[in-house]
Every structure is written in structure tokens, then in C-alpha cells.
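Shown next: entry_7.pdb, containing PDB, C-alpha atoms.
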```pdb
ATOM      1  CA  MET A   7      20.170 -25.456 -14.042
ATOM      2  CA  ARG A   8      16.459 -24.869 -14.770
ATOM      3  CA  GLN A   9      15.948 -23.368 -11.311
ATOM      4  CA  LYS A  10      18.848 -20.989 -11.869
ATOM      5  CA  ALA A  11      17.428 -19.890 -15.224
ATOM      6  CA  ASP A  12      14.004 -19.357 -13.655
ATOM      7  CA  ALA A  13      15.575 -17.260 -10.891
ATOM      8  CA  VAL A  14      17.405 -15.115 -13.446
ATOM      9  CA  SER A  15      14.186 -14.671 -15.435
ATOM     10  CA  THR A  16      12.204 -13.687 -12.349
ATOM     11  CA  SER A  17      14.909 -11.219 -11.350
ATOM     12  CA  ALA A  18      14.923  -9.705 -14.833
ATOM     13  CA  TRP A  19      11.153  -9.259 -14.819
ATOM     14  CA  TRP A  20      11.290  -7.584 -11.419
ATOM     15  CA  ARG A  21      14.186  -5.284 -12.346
ATOM     16  CA  ALA A  22      12.308  -4.179 -15.451
ATOM     17  CA  THR A  23       9.459  -2.822 -13.343
ATOM     18  CA  HIS A  24      11.632  -0.080 -11.763
ATOM     19  CA  PRO A  25      11.249  -1.862  -8.402
ATOM     20  CA  LEU A  26      12.141   0.976  -6.023
ATOM     21  CA  PRO A  27       9.456   3.382  -7.338
ATOM     22  CA  VAL A  28       6.954   0.506  -7.523
ATOM     23  CA  LEU A  29       7.560  -0.464  -3.898
ATOM     24  CA  ALA A  30       7.694   3.154  -2.696
ATOM     25  CA  VAL A  31       4.433   4.244  -4.348
ATOM     26  CA  THR A  32       2.653   1.048  -3.301
ATOM     27  CA  ALA A  33       3.830   1.362   0.310
ATOM     28  CA  VAL A  34       2.804   5.023   0.464
ATOM     29  CA  THR A  35      -0.622   4.083  -0.895
ATOM     30  CA  ALA A  36      -1.094   1.416   1.785
ATOM     31  CA  ALA A  37       0.016   3.782   4.525
ATOM     32  CA  LEU A  38      -2.256   6.542   3.222
ATOM     33  CA  ALA A  39      -5.204   4.162   3.110
ATOM     34  CA  ILE A  40      -4.646   3.108   6.724
ATOM     35  CA  GLY A  41      -4.081   6.683   7.875
ATOM     36  CA  TRP A  42      -7.248   7.936   6.219
ATOM     37  CA  GLY A  43      -9.425   5.240   7.745
ATOM     38  CA  HIS A  44      -9.835   2.482   5.167
ATOM     39  CA  ASP A  45     -10.738  -0.931   6.544
ATOM     40  CA  VAL A  46      -8.659  -3.988   5.624
ATOM     41  CA  ALA A  47     -10.609  -4.727   2.456
ATOM     42  CA  GLY A  48     -10.448  -1.124   1.268
ATOM     43  CA  THR A  49      -6.731  -0.886   1.990
ATOM     44  CA  LEU A  50      -6.022  -4.080   0.074
ATOM     45  CA  LEU A  51      -8.139  -2.963  -2.888
ATOM     46  CA  VAL A  52      -6.572   0.471  -3.408
ATOM     47  CA  THR A  53      -3.090  -0.912  -2.762
ATOM     48  CA  ALA A  54      -3.564  -3.736  -5.270
ATOM     49  CA  ALA A  55      -4.909  -1.324  -7.884
ATOM     50  CA  VAL A  56      -1.922   0.987  -7.470
ATOM     51  CA  PHE A  57       0.553  -1.913  -7.451
ATOM     52  CA  ALA A  58      -0.815  -3.287 -10.714
ATOM     53  CA  GLY A  59      -0.756   0.159 -12.250
ATOM     54  CA  GLN A  60       2.837   0.743 -11.168
ATOM     55  CA  LEU A  61       3.897  -2.567 -12.721
ATOM     56  CA  SER A  62       2.392  -1.466 -16.041
ATOM     57  CA  VAL A  63       4.072   1.948 -15.844
ATOM     58  CA  GLY A  64       7.471   0.450 -15.034
ATOM     59  CA  TRP A  65       7.375  -2.221 -17.741
ATOM     60  CA  LEU A  66       6.128   0.276 -20.328
ATOM     61  CA  ASN A  67       8.914   2.687 -19.389
ATOM     62  CA  ASP A  68      11.622   0.063 -19.899
ATOM     63  CA  LEU A  69       9.981  -1.112 -23.105
ATOM     64  CA  MET A  70       9.971   2.386 -24.586
ATOM     65  CA  ASP A  71      13.517   3.120 -23.356
ATOM     66  CA  ALA A  72      15.100  -0.160 -24.477
ATOM     67  CA  GLY A  73      16.862   1.373 -27.472
ATOM     68  CA  ARG A  74      18.211   4.338 -25.509
ATOM     69  CA  ASP A  75      19.276   2.073 -22.639
ATOM     70  CA  ALA A  76      21.161  -0.181 -25.055
ATOM     71  CA  GLN A  77      22.839   2.853 -26.608
ATOM     72  CA  SER A  78      23.933   3.992 -23.133
ATOM     73  CA  GLY A  79      25.238   0.539 -22.234
ATOM     74  CA  ARG A  80      22.802   0.062 -19.352
ATOM     75  CA  GLU A  81      23.580  -3.474 -18.195
ATOM     76  CA  ASP A  82      21.025  -3.127 -15.383
ATOM     77  CA  LYS A  83      18.200  -2.959 -17.921
ATOM     78  CA  PRO A  84      16.958  -6.456 -18.896
ATOM     79  CA  LEU A  85      15.310  -5.347 -22.130
ATOM     80  CA  ALA A  86      18.428  -3.505 -23.258
ATOM     81  CA  THR A  87      20.618  -6.563 -22.640
ATOM     82  CA  GLY A  88      18.224  -9.008 -24.272
ATOM     83  CA  ALA A  89      17.366 -10.793 -21.015
ATOM     84  CA  LEU A  90      13.669 -10.171 -21.699
ATOM     85  CA  ASP A  91      11.671 -10.524 -24.914
ATOM     86  CA  PRO A  92       9.971  -7.211 -25.875
ATOM     87  CA  ALA A  93       6.883  -9.104 -27.089
ATOM     88  CA  ALA A  94       6.505 -10.763 -23.685
ATOM     89  CA  VAL A  95       6.895  -7.408 -21.937
ATOM     90  CA  ARG A  96       4.205  -5.897 -24.147
ATOM     91  CA  VAL A  97       1.866  -8.655 -23.001
ATOM     92  CA  ALA A  98       2.829  -7.989 -19.386
ATOM     93  CA  VAL A  99       2.072  -4.287 -19.818
ATOM     94  CA  GLY A 100      -1.373  -5.122 -21.192
ATOM     95  CA  VAL A 101      -2.175  -7.643 -18.461
ATOM     96  CA  SER A 102      -1.013  -5.414 -15.594
ATOM     97  CA  ALA A 103      -2.777  -2.374 -17.060
ATOM     98  CA  GLY A 104      -5.975  -4.381 -17.455
ATOM     99  CA  ALA A 105      -5.734  -5.615 -13.880
ATOM    100  CA  ALA A 106      -5.179  -2.059 -12.652
ATOM    101  CA  VAL A 107      -8.252  -0.813 -14.509
ATOM    102  CA  ALA A 108     -10.428  -3.691 -13.289
ATOM    103  CA  LEU A 109      -9.372  -3.253  -9.660
ATOM    104  CA  THR A 110      -9.737   0.515  -9.879
ATOM    105  CA  LEU A 111     -13.318   0.275 -11.134
ATOM    106  CA  LEU A 112     -14.214  -1.624  -7.965
ATOM    107  CA  THR A 113     -13.436   1.470  -5.855
ATOM    108  CA  GLY A 114     -16.375   3.478  -7.225
ATOM    109  CA  TRP A 115     -16.594   6.016 -10.035
ATOM    110  CA  PRO A 116     -15.151   9.113  -8.286
ATOM    111  CA  ALA A 117     -12.062   7.245  -7.100
ATOM    112  CA  ALA A 118     -11.759   5.307 -10.349
ATOM    113  CA  ALA A 119     -11.792   8.499 -12.386
ATOM    114  CA  ALA A 120      -8.934   9.909 -10.293
ATOM    115  CA  HIS A 121      -6.757   6.803 -10.519
ATOM    116  CA  LEU A 122      -7.409   6.167 -14.197
ATOM    117  CA  LEU A 123      -6.441   9.752 -15.025
ATOM    118  CA  ALA A 124      -3.279   9.309 -12.934
ATOM    119  CA  LEU A 125      -2.441   6.151 -14.889
ATOM    120  CA  VAL A 126      -3.126   7.766 -18.260
ATOM    121  CA  SER A 127      -0.767  10.581 -17.286
ATOM    122  CA  ALA A 128       1.964   8.106 -16.267
ATOM    123  CA  TRP A 129       1.550   6.045 -19.455
ATOM    124  CA  ALA A 130       1.671   9.230 -21.544
ATOM    125  CA  TYR A 131       4.966  10.121 -19.884
ATOM    126  CA  ASP A 132       6.392   6.726 -20.850
ATOM    127  CA  LEU A 133       5.073   7.009 -24.409
ATOM    128  CA  GLY A 134       6.902  10.231 -25.167
ATOM    129  CA  LEU A 135       6.020  13.134 -22.889
ATOM    130  CA  LYS A 136       9.197  12.485 -20.877
ATOM    131  CA  SER A 137      11.040  14.193 -23.742
ATOM    132  CA  ARG A 138       8.812  17.274 -23.754
ATOM    133  CA  VAL A 139       9.271  20.501 -21.866
ATOM    134  CA  TRP A 140       6.067  19.785 -19.913
ATOM    135  CA  SER A 141       7.332  16.386 -18.697
ATOM    136  CA  VAL A 142       6.931  17.518 -15.098
ATOM    137  CA  GLY A 143       3.207  17.952 -15.654
ATOM    138  CA  CYS A 144       2.754  14.181 -15.817
ATOM    139  CA  TYR A 145       4.240  13.845 -12.344
ATOM    140  CA  ALA A 146       2.077  16.669 -11.014
ATOM    141  CA  VAL A 147      -1.083  14.991 -12.301
ATOM    142  CA  SER A 148      -0.219  11.433 -11.265
ATOM    143  CA  PHE A 149       1.142  12.219  -7.796
ATOM    144  CA  GLY A 150      -1.524  14.798  -7.047
ATOM    145  CA  LEU A 151      -4.248  12.305  -7.895
ATOM    146  CA  LEU A 152      -2.746   9.422  -5.902
ATOM    147  CA  PRO A 153      -3.848  10.715  -2.467
ATOM    148  CA  ALA A 154      -7.079  11.929  -4.052
ATOM    149  CA  PHE A 155      -7.759   8.356  -5.210
ATOM    150  CA  VAL A 156      -7.196   6.999  -1.714
ATOM    151  CA  VAL A 157      -9.564   9.507  -0.107
ATOM    152  CA  LEU A 158     -12.242   9.228  -2.800
ATOM    153  CA  ALA A 159     -12.245   5.440  -2.378
ATOM    154  CA  LEU A 160     -13.534   5.824   1.183
ATOM    155  CA  PRO A 161     -17.252   5.136   1.814
ATOM    156  CA  GLY A 162     -19.249   8.130   0.608
ATOM    157  CA  ALA A 163     -16.387   9.318  -1.642
ATOM    158  CA  PRO A 164     -15.402  12.357   0.477
ATOM    159  CA  ALA A 165     -13.633  15.144  -1.389
ATOM    160  CA  PRO A 166      -9.875  15.147  -0.763
ATOM    161  CA  PRO A 167      -8.591  18.375   0.811
ATOM    162  CA  ALA A 168      -6.853  20.736  -1.607
ATOM    163  CA  TRP A 169      -3.689  20.870   0.509
ATOM    164  CA  LEU A 170      -3.325  17.077   0.244
ATOM    165  CA  VAL A 171      -3.602  17.112  -3.542
ATOM    166  CA  ALA A 172      -1.240  20.100  -3.837
ATOM    167  CA  GLY A 173       1.300  18.523  -1.507
ATOM    168  CA  GLY A 174       1.231  15.278  -3.460
ATOM    169  CA  ALA A 175       1.584  17.106  -6.779
ATOM    170  CA  LEU A 176       4.563  19.176  -5.606
ATOM    171  CA  LEU A 177       6.214  16.115  -4.101
ATOM    172  CA  GLY A 178       5.784  14.283  -7.401
ATOM    173  CA  CYS A 179       7.265  17.179  -9.374
ATOM    174  CA  ALA A 180      10.255  17.274  -7.036
ATOM    175  CA  ALA A 181      10.652  13.506  -7.425
ATOM    176  CA  HIS A 182      10.807  13.971 -11.202
ATOM    177  CA  PHE A 183      13.769  16.335 -10.947
ATOM    178  CA  LEU A 184      15.450  14.223  -8.280
ATOM    179  CA  ASN A 185      14.983  11.003 -10.252
ATOM    180  CA  VAL A 186      16.643  12.249 -13.433
ATOM    181  CA  LEU A 187      19.632  13.993 -11.841
ATOM    182  CA  PRO A 188      21.903  10.905 -11.987
ATOM    183  CA  ASP A 189      20.983  10.251 -15.644
ATOM    184  CA  LEU A 190      21.319  13.718 -17.169
ATOM    185  CA  ALA A 191      24.433  12.827 -19.179
ATOM    186  CA  ASP A 192      22.880   9.643 -20.613
ATOM    187  CA  ASP A 193      19.652  11.504 -21.373
ATOM    188  CA  ALA A 194      21.531  14.229 -23.252
ATOM    189  CA  ALA A 195      23.352  11.609 -25.309
ATOM    190  CA  THR A 196      20.148   9.780 -26.255
ATOM    191  CA  GLY A 197      17.938  12.789 -26.982
ATOM    192  CA  VAL A 198      15.692  12.882 -23.912
ATOM    193  CA  ARG A 199      14.751  16.554 -23.532
ATOM    194  CA  GLY A 200      12.304  16.854 -20.651
ATOM    195  CA  LEU A 201      12.237  19.933 -18.450
ATOM    196  CA  PRO A 202      15.031  18.794 -16.066
ATOM    197  CA  GLN A 203      17.319  17.977 -19.004
ATOM    198  CA  ARG A 204      16.688  21.420 -20.473
ATOM    199  CA  LEU A 205      17.394  23.180 -17.171
ATOM    200  CA  GLY A 206      20.597  21.283 -16.415
ATOM    201  CA  ALA A 207      21.906  19.879 -13.150
ATOM    202  CA  ALA A 208      22.294  23.059 -11.077
ATOM    203  CA  ARG A 209      18.918  24.577 -11.911
ATOM    204  CA  SER A 210      17.208  21.192 -11.609
ATOM    205  CA  ARG A 211      18.608  20.777  -8.087
ATOM    206  CA  ALA A 212      17.392  24.254  -7.138
ATOM    207  CA  THR A 213      13.967  23.602  -8.674
ATOM    208  CA  ALA A 214      13.678  20.268  -6.848
ATOM    209  CA  ALA A 215      14.585  21.997  -3.581
ATOM    210  CA  ALA A 216      11.912  24.672  -4.075
ATOM    211  CA  LEU A 217       9.306  22.035  -4.920
ATOM    212  CA  MET A 218      10.271  19.914  -1.900
ATOM    213  CA  LEU A 219       9.959  22.915   0.393
ATOM    214  CA  GLY A 220       6.606  23.812  -1.141
ATOM    215  CA  ALA A 221       5.333  20.273  -0.604
ATOM    216  CA  CYS A 222       6.540  20.425   2.983
ATOM    217  CA  CYS A 223       4.587  23.635   3.562
ATOM    218  CA  PHE A 224       1.333  22.164   2.253
ATOM    219  CA  LEU A 225       1.695  18.829   4.043
ATOM    220  CA  ALA A 226       2.833  20.315   7.358
ATOM    221  CA  LEU A 227       0.471  23.303   7.501
ATOM    222  CA  GLY A 228      -2.515  21.862   5.647
ATOM    223  CA  PRO A 229      -3.890  19.645   8.439
ATOM    224  CA  ALA A 230      -3.854  22.523  10.962
ATOM    225  CA  ASP A 231      -7.169  22.813  12.836
ATOM    226  CA  GLY A 232      -7.168  26.604  13.068
ATOM    227  CA  SER A 233      -5.215  26.812  16.308
ATOM    228  CA  GLY A 234      -1.933  27.555  14.548
ATOM    229  CA  PRO A 235       0.904  25.411  13.219
ATOM    230  CA  GLY A 236       1.198  22.006  14.815
ATOM    231  CA  THR A 237       4.299  20.241  16.032
ATOM    232  CA  ALA A 238       4.922  18.711  12.594
ATOM    233  CA  ALA A 239       5.068  22.131  10.961
ATOM    234  CA  LEU A 240       7.270  23.642  13.670
ATOM    235  CA  VAL A 241       9.769  20.805  13.302
ATOM    236  CA  ALA A 242       9.556  19.897   9.622
ATOM    237  CA  LEU A 243       9.675  23.312   7.974
ATOM    238  CA  PRO A 244      12.861  24.674   9.628
ATOM    239  CA  LEU A 245      14.575  21.298   9.271
ATOM    240  CA  ALA A 246      13.661  21.040   5.585
ATOM    241  CA  ALA A 247      14.735  24.607   4.835
ATOM    242  CA  GLY A 248      18.011  24.143   6.703
ATOM    243  CA  ALA A 249      18.847  20.820   5.053
ATOM    244  CA  LEU A 250      18.103  22.132   1.567
ATOM    245  CA  GLY A 251      20.063  25.329   2.174
ATOM    246  CA  VAL A 252      23.144  23.465   3.345
ATOM    247  CA  GLY A 253      22.862  20.916   0.557
ATOM    248  CA  LEU A 254      22.621  23.520  -2.189
ATOM    249  CA  ALA A 255      25.472  25.570  -0.680
ATOM    250  CA  ARG A 256      27.774  22.540  -0.729
ATOM    251  CA  ALA A 257      26.677  21.424  -4.186
ATOM    252  CA  ARG A 258      29.304  23.686  -5.785
ATOM    253  CA  ARG A 259      32.107  21.454  -4.523
ATOM    254  CA  PRO A 260      33.358  19.038  -7.217
ATOM    255  CA  GLY A 261      31.783  15.606  -6.829
ATOM    256  CA  SER A 262      29.601  16.697  -3.927
ATOM    257  CA  ARG A 263      26.386  14.723  -3.325
ATOM    258  CA  ALA A 264      25.271  17.071  -0.541
ATOM    259  CA  ALA A 265      22.371  18.543  -2.516
ATOM    260  CA  PHE A 266      21.169  15.130  -3.693
ATOM    261  CA  ASN A 267      21.349  13.735  -0.155
ATOM    262  CA  ALA A 268      19.526  16.773   1.256
ATOM    263  CA  LEU A 269      16.788  16.339  -1.326
ATOM    264  CA  LEU A 270      16.438  12.679  -0.380
ATOM    265  CA  LEU A 271      16.203  13.600   3.313
ATOM    266  CA  VAL A 272      13.461  16.146   2.710
ATOM    267  CA  ALA A 273      11.672  13.729   0.363
ATOM    268  CA  VAL A 274      11.534  11.176   3.193
ATOM    269  CA  MET A 275      10.209  13.867   5.552
ATOM    270  CA  ASN A 276       7.525  14.814   3.038
ATOM    271  CA  VAL A 277       6.472  11.220   2.547
ATOM    272  CA  ALA A 278       6.193  10.842   6.325
ATOM    273  CA  LEU A 279       4.016  13.970   6.467
ATOM    274  CA  LEU A 280       1.931  12.684   3.563
ATOM    275  CA  VAL A 281       1.205   9.246   4.997
ATOM    276  CA  SER A 282       0.418  10.665   8.438
ATOM    277  CA  SER A 283      -1.831  13.433   7.093
ATOM    278  CA  GLY A 284      -5.041  11.537   7.770
ATOM    279  CA  VAL A 285      -4.113  10.337  11.251
ATOM    280  CA  PRO A 286      -5.944  12.363  13.946
ATOM    281  CA  ALA A 287      -3.603  14.309  16.199
ATOM    282  CA  GLY A 288      -3.161  12.991  19.704
TER     283      GLY A 288
END
```
As C-alpha cells:
Amino acid sequence: MRQKADAVSTSAWWRATHPLPVLAVTAVTAALAIGWGHDVAGTLLVTAAVFAGQLSVGWLNDLMDAGRDAQSGREDKPLATGALDPAAVRVAVGVSAGAAVALTLLTGWPAAAAHLLALVSAWAYDLGLKSRVWSVGCYAVSFGLLPAFVVLALPGAPAPPAWLVAGGALLGCAAHFLNVLPDLADDAATGVRGLPQRLGAARSRATAAALMLGACCFLALGPADGSGPGTAALVALPLAAGALGVGLARARRPGSRAAFNALLLVAVMNVALLVSSGVPAG
């Protein structure tokens, strides 16, 4: 019986972190670090710093949303159902945030400044900016600075290329719109009024598509060596434009998930372009 209770508790703690974003951002960080030339120690350090930071962001998000989640009847939210004690989660937020800061400081001041600003932006979103019209700005800052952190943590703290930062920022903005699409009705009922909620489903889908395509342009064309678009650009850009066009065209059908699925497809393409951006061609 004790083992079963412990398993339930562990599961509740993990679910409260927003596990898919935590795993996705951490995996992208590790892949970026490898692609941009970090050694094993450097890869582990930046990945651990980002993982700890993501835990703090996820727990803080669920802590701040517990009341709204309970009002919406979210049984998948451990804090809303009472499976987790808010006081214990507050401690977990503090411990994970402290670990993230400590690990980040070990990467050197230029990199640390980038990651700490990204974390402050993410925490600010959780603490109330998600309900402001400029909610998307938090995603632009945090996701734009993530690849910058990885590059700045390299020996010598090289400056990250502008196209990498811009691509990450646009991808993060698109992720914001994509992430809230399934929850627009619950958000409206509980008073969350970020930019996607104000635009509504149709305009949010179109905005996400434009941002995804913009990210694809930066990440596909940015690494070009001056000899013209590479294979990635020639393949990725037409495919992304075609997928988004078809998805948005079919979105008018009742119950259609074509636009959402197209956005997910292009998001995966963009992540692949992002993590391979530092890998030398050939």
C-alpha cells in the first residue's frame, strides 16, 4: 500500500511540472549543446541548468493556476484535485529555481545573464503576464535566449548569430499560440486574457502559422554560407508553406484538427532545423 501511495505521489509531482514541455525544452537544449560543439561536461551543465529551470517554471505555473484549474474541473492537475500540497509545491519551486540559478552561474557571466533573463521572463509569465496582451513577449524572450545561452556557454563565450536568436524567438511565440489553442474555452471562462485568447481561435491559428513560417525562414536560411540556400531551405520552406496552407484551408470544416496538426508538423521541422543549426554541413 505504501509503495502504491509513493507511486501516486511521484506521478502527481511529475504531472505538475508540465512534463511534455519540460522534456521537449530539455532535449532541445541537449541537442543544441551537442550540435554547437559542447563537450560532455558542458552539455551536461547547460542541460541540467535548463532542466532545473523548467521544473521551477512548470511547478510555479500549476501553483498559480490551481484555482482556475479547479474551477474548470481539470482532473489532470494534481494541485487542483488536492493530490499535492501547495506549501510543498512552493518549496519545490524555490529549490528548483535555486538549483537552476546555481547551475547557470557555473556557465560564465555572459551565458548566465542570458539564461537568468529567460527564466525571469518565464516566471513573470506564470505570475500574471499570461493574462496580459503582451503574453507572447515572454515566450519571445525565453525561447530567443535559450539558444543564445547554449552558444554563450561555449569556451570564449562566442556571440550567438542573430538568425538563431530570431528563429528561437519566433518558434517560441508560435508555440505560445499553439499551446493555448485547446484551452481557449477554459481560459475564457476563468478570465485568462493573453494575446491568443483576445484574438480567438481562427486568428490565433493564422498567427501561429505565420510565426512558424517565419521561424522556418530564419532557421533554414540563416546558416547559409553565402553560396545560396542549402538543401534544408529548399526542402523545409516549401514543405512548411504547403502544410500550413492546407491546414488553414481545412480548418473551416467543423471539428477539423488539420490546422493544429499542420502546426505541429511544422513545429517539429523547426525544432529539427534548430538543433541541427550548429552542425557543419557535409
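Distances to Ala30 of chain A were evaluated for A:Val277, A:Ala105, A:Leu122, A:Val139 using only C-alpha atoms, and the minimum falls at A:Val277.
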Could I get the residues of segment 101-164 of chain A with an atom no further than 12 Å from an atom of segment 65-71 of chain A, each paired with its nearest atom pair and that distance in Å to one decimal, using only C-alpha atoms, sorted by chain and residue number, as a Markdown table?
```
| residue | atom | partner | partner_atom | distance |
| --- | --- | --- | --- | --- |
| A:Val101 | CA | A:Trp65 | CA | 11.0 |
| A:Ser102 | CA | A:Trp65 | CA | 9.2 |
| A:Ala103 | CA | A:Leu66 | CA | 9.8 |
| A:Leu125 | CA | A:Leu66 | CA | 11.7 |
| A:Ala128 | CA | A:Asn67 | CA | 9.3 |
| A:Trp129 | CA | A:Leu66 | CA | 7.4 |
| A:Ala130 | CA | A:Asn67 | CA | 10.0 |
| A:Tyr131 | CA | A:Asn67 | CA | 8.4 |
| A:Asp132 | CA | A:Asn67 | CA | 5.0 |
| A:Leu133 | CA | A:Met70 | CA | 6.7 |
| A:Gly134 | CA | A:Met70 | CA | 8.4 |
| A:Leu135 | CA | A:Asn67 | CA | 11.4 |
| A:Lys136 | CA | A:Asn67 | CA | 9.9 |
| A:Ser137 | CA | A:Asp71 | CA | 11.4 |
```
Explicit residue set for the PyMOL selection byres ((chain A and resi 213) around 12), as an MDAnalysis selection string: chainID A and resid 142 176:177 179:184 187 201:202 205:212 214:220 250 254 265 269
Grab the residues selected above and save them as an mmCIF file, in the frame of the given file with C-alpha atoms.
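After the write, out_32.cif holds the following:
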```cif
data_model
loop_
_atom_site.group_PDB
_atom_site.id
_atom_site.type_symbol
_atom_site.label_atom_id
_atom_site.label_comp_id
_atom_site.auth_asym_id
_atom_site.auth_seq_id
_atom_site.Cartn_x
_atom_site.Cartn_y
_atom_site.Cartn_z
ATOM 1 C CA VAL A 142 6.931 17.518 -15.098
ATOM 2 C CA LEU A 176 4.563 19.176 -5.606
ATOM 3 C CA LEU A 177 6.214 16.115 -4.101
ATOM 4 C CA CYS A 179 7.265 17.179 -9.374
ATOM 5 C CA ALA A 180 10.255 17.274 -7.036
ATOM 6 C CA ALA A 181 10.652 13.506 -7.425
ATOM 7 C CA HIS A 182 10.807 13.971 -11.202
ATOM 8 C CA PHE A 183 13.769 16.335 -10.947
ATOM 9 C CA LEU A 184 15.450 14.223 -8.280
ATOM 10 C CA LEU A 187 19.632 13.993 -11.841
ATOM 11 C CA LEU A 201 12.237 19.933 -18.450
ATOM 12 C CA PRO A 202 15.031 18.794 -16.066
ATOM 13 C CA LEU A 205 17.394 23.180 -17.171
ATOM 14 C CA GLY A 206 20.597 21.283 -16.415
ATOM 15 C CA ALA A 207 21.906 19.879 -13.150
ATOM 16 C CA ALA A 208 22.294 23.059 -11.077
ATOM 17 C CA ARG A 209 18.918 24.577 -11.911
ATOM 18 C CA SER A 210 17.208 21.192 -11.609
ATOM 19 C CA ARG A 211 18.608 20.777 -8.087
ATOM 20 C CA ALA A 212 17.392 24.254 -7.138
ATOM 21 C CA ALA A 214 13.678 20.268 -6.848
ATOM 22 C CA ALA A 215 14.585 21.997 -3.581
ATOM 23 C CA ALA A 216 11.912 24.672 -4.075
ATOM 24 C CA LEU A 217 9.306 22.035 -4.920
ATOM 25 C CA MET A 218 10.271 19.914 -1.900
ATOM 26 C CA LEU A 219 9.959 22.915 0.393
ATOM 27 C CA GLY A 220 6.606 23.812 -1.141
ATOM 28 C CA LEU A 250 18.103 22.132 1.567
ATOM 29 C CA LEU A 254 22.621 23.520 -2.189
ATOM 30 C CA ALA A 265 22.371 18.543 -2.516
ATOM 31 C CA LEU A 269 16.788 16.339 -1.326
#
```
Point-to-point distance in Å for atom CA of Ser148 of chain A and atom CA of Gly48 of chain A: 20.5 Å
Selection: 12 Å around segment 223-227 of chain A, all atoms listed in the file, excl. self and same-chain fewer than 2 positions, as a VMD selection string: chain A and resid 153 167 to 177 216 to 221 229 to 247 272 to 273 275 to 284
I need the chosen residues saved as an mmCIF file, in the coordinates of the input, with C-alpha atoms.
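Contents of result-v2.cif, as written:
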```cif
data_model
loop_
_atom_site.group_PDB
_atom_site.id
_atom_site.type_symbol
_atom_site.label_atom_id
_atom_site.label_comp_id
_atom_site.auth_asym_id
_atom_site.auth_seq_id
_atom_site.Cartn_x
_atom_site.Cartn_y
_atom_site.Cartn_z
ATOM 1 C CA PRO A 153 -3.848 10.715 -2.467
ATOM 2 C CA PRO A 167 -8.591 18.375 0.811
ATOM 3 C CA ALA A 168 -6.853 20.736 -1.607
ATOM 4 C CA TRP A 169 -3.689 20.870 0.509
ATOM 5 C CA LEU A 170 -3.325 17.077 0.244
ATOM 6 C CA VAL A 171 -3.602 17.112 -3.542
ATOM 7 C CA ALA A 172 -1.240 20.100 -3.837
ATOM 8 C CA GLY A 173 1.300 18.523 -1.507
ATOM 9 C CA GLY A 174 1.231 15.278 -3.460
ATOM 10 C CA ALA A 175 1.584 17.106 -6.779
ATOM 11 C CA LEU A 176 4.563 19.176 -5.606
ATOM 12 C CA LEU A 177 6.214 16.115 -4.101
ATOM 13 C CA ALA A 216 11.912 24.672 -4.075
ATOM 14 C CA LEU A 217 9.306 22.035 -4.920
ATOM 15 C CA MET A 218 10.271 19.914 -1.900
ATOM 16 C CA LEU A 219 9.959 22.915 0.393
ATOM 17 C CA GLY A 220 6.606 23.812 -1.141
ATOM 18 C CA ALA A 221 5.333 20.273 -0.604
ATOM 19 C CA PRO A 229 -3.890 19.645 8.439
ATOM 20 C CA ALA A 230 -3.854 22.523 10.962
ATOM 21 C CA ASP A 231 -7.169 22.813 12.836
ATOM 22 C CA GLY A 232 -7.168 26.604 13.068
ATOM 23 C CA SER A 233 -5.215 26.812 16.308
ATOM 24 C CA GLY A 234 -1.933 27.555 14.548
ATOM 25 C CA PRO A 235 0.904 25.411 13.219
ATOM 26 C CA GLY A 236 1.198 22.006 14.815
ATOM 27 C CA THR A 237 4.299 20.241 16.032
ATOM 28 C CA ALA A 238 4.922 18.711 12.594
ATOM 29 C CA ALA A 239 5.068 22.131 10.961
ATOM 30 C CA LEU A 240 7.270 23.642 13.670
ATOM 31 C CA VAL A 241 9.769 20.805 13.302
ATOM 32 C CA ALA A 242 9.556 19.897 9.622
ATOM 33 C CA LEU A 243 9.675 23.312 7.974
ATOM 34 C CA PRO A 244 12.861 24.674 9.628
ATOM 35 C CA LEU A 245 14.575 21.298 9.271
ATOM 36 C CA ALA A 246 13.661 21.040 5.585
ATOM 37 C CA ALA A 247 14.735 24.607 4.835
ATOM 38 C CA VAL A 272 13.461 16.146 2.710
ATOM 39 C CA ALA A 273 11.672 13.729 0.363
ATOM 40 C CA MET A 275 10.209 13.867 5.552
ATOM 41 C CA ASN A 276 7.525 14.814 3.038
ATOM 42 C CA VAL A 277 6.472 11.220 2.547
ATOM 43 C CA ALA A 278 6.193 10.842 6.325
ATOM 44 C CA LEU A 279 4.016 13.970 6.467
ATOM 45 C CA LEU A 280 1.931 12.684 3.563
ATOM 46 C CA VAL A 281 1.205 9.246 4.997
ATOM 47 C CA SER A 282 0.418 10.665 8.438
ATOM 48 C CA SER A 283 -1.831 13.433 7.093
ATOM 49 C CA GLY A 284 -5.041 11.537 7.770
#
```
Selection dump of the PyMOL selection byres ((chain A and resi 62) around 8), as a short mmCIF file (atom, residue, chain, number, x, y, z; two decimals) with C-alpha atoms, in the frame of the given file:
```cif
data_model
loop_
_atom_site.label_atom_id
_atom_site.label_comp_id
_atom_site.auth_asym_id
_atom_site.auth_seq_id
_atom_site.Cartn_x
_atom_site.Cartn_y
_atom_site.Cartn_z
CA THR A 23 9.46 -2.82 -13.34
CA ALA A 58 -0.82 -3.29 -10.71
CA GLY A 59 -0.76 0.16 -12.25
CA GLN A 60 2.84 0.74 -11.17
CA LEU A 61 3.90 -2.57 -12.72
CA VAL A 63 4.07 1.95 -15.84
CA GLY A 64 7.47 0.45 -15.03
CA TRP A 65 7.38 -2.22 -17.74
CA LEU A 66 6.13 0.28 -20.33
CA ALA A 98 2.83 -7.99 -19.39
CA VAL A 99 2.07 -4.29 -19.82
CA GLY A 100 -1.37 -5.12 -21.19
CA SER A 102 -1.01 -5.41 -15.59
CA ALA A 103 -2.78 -2.37 -17.06
#
```
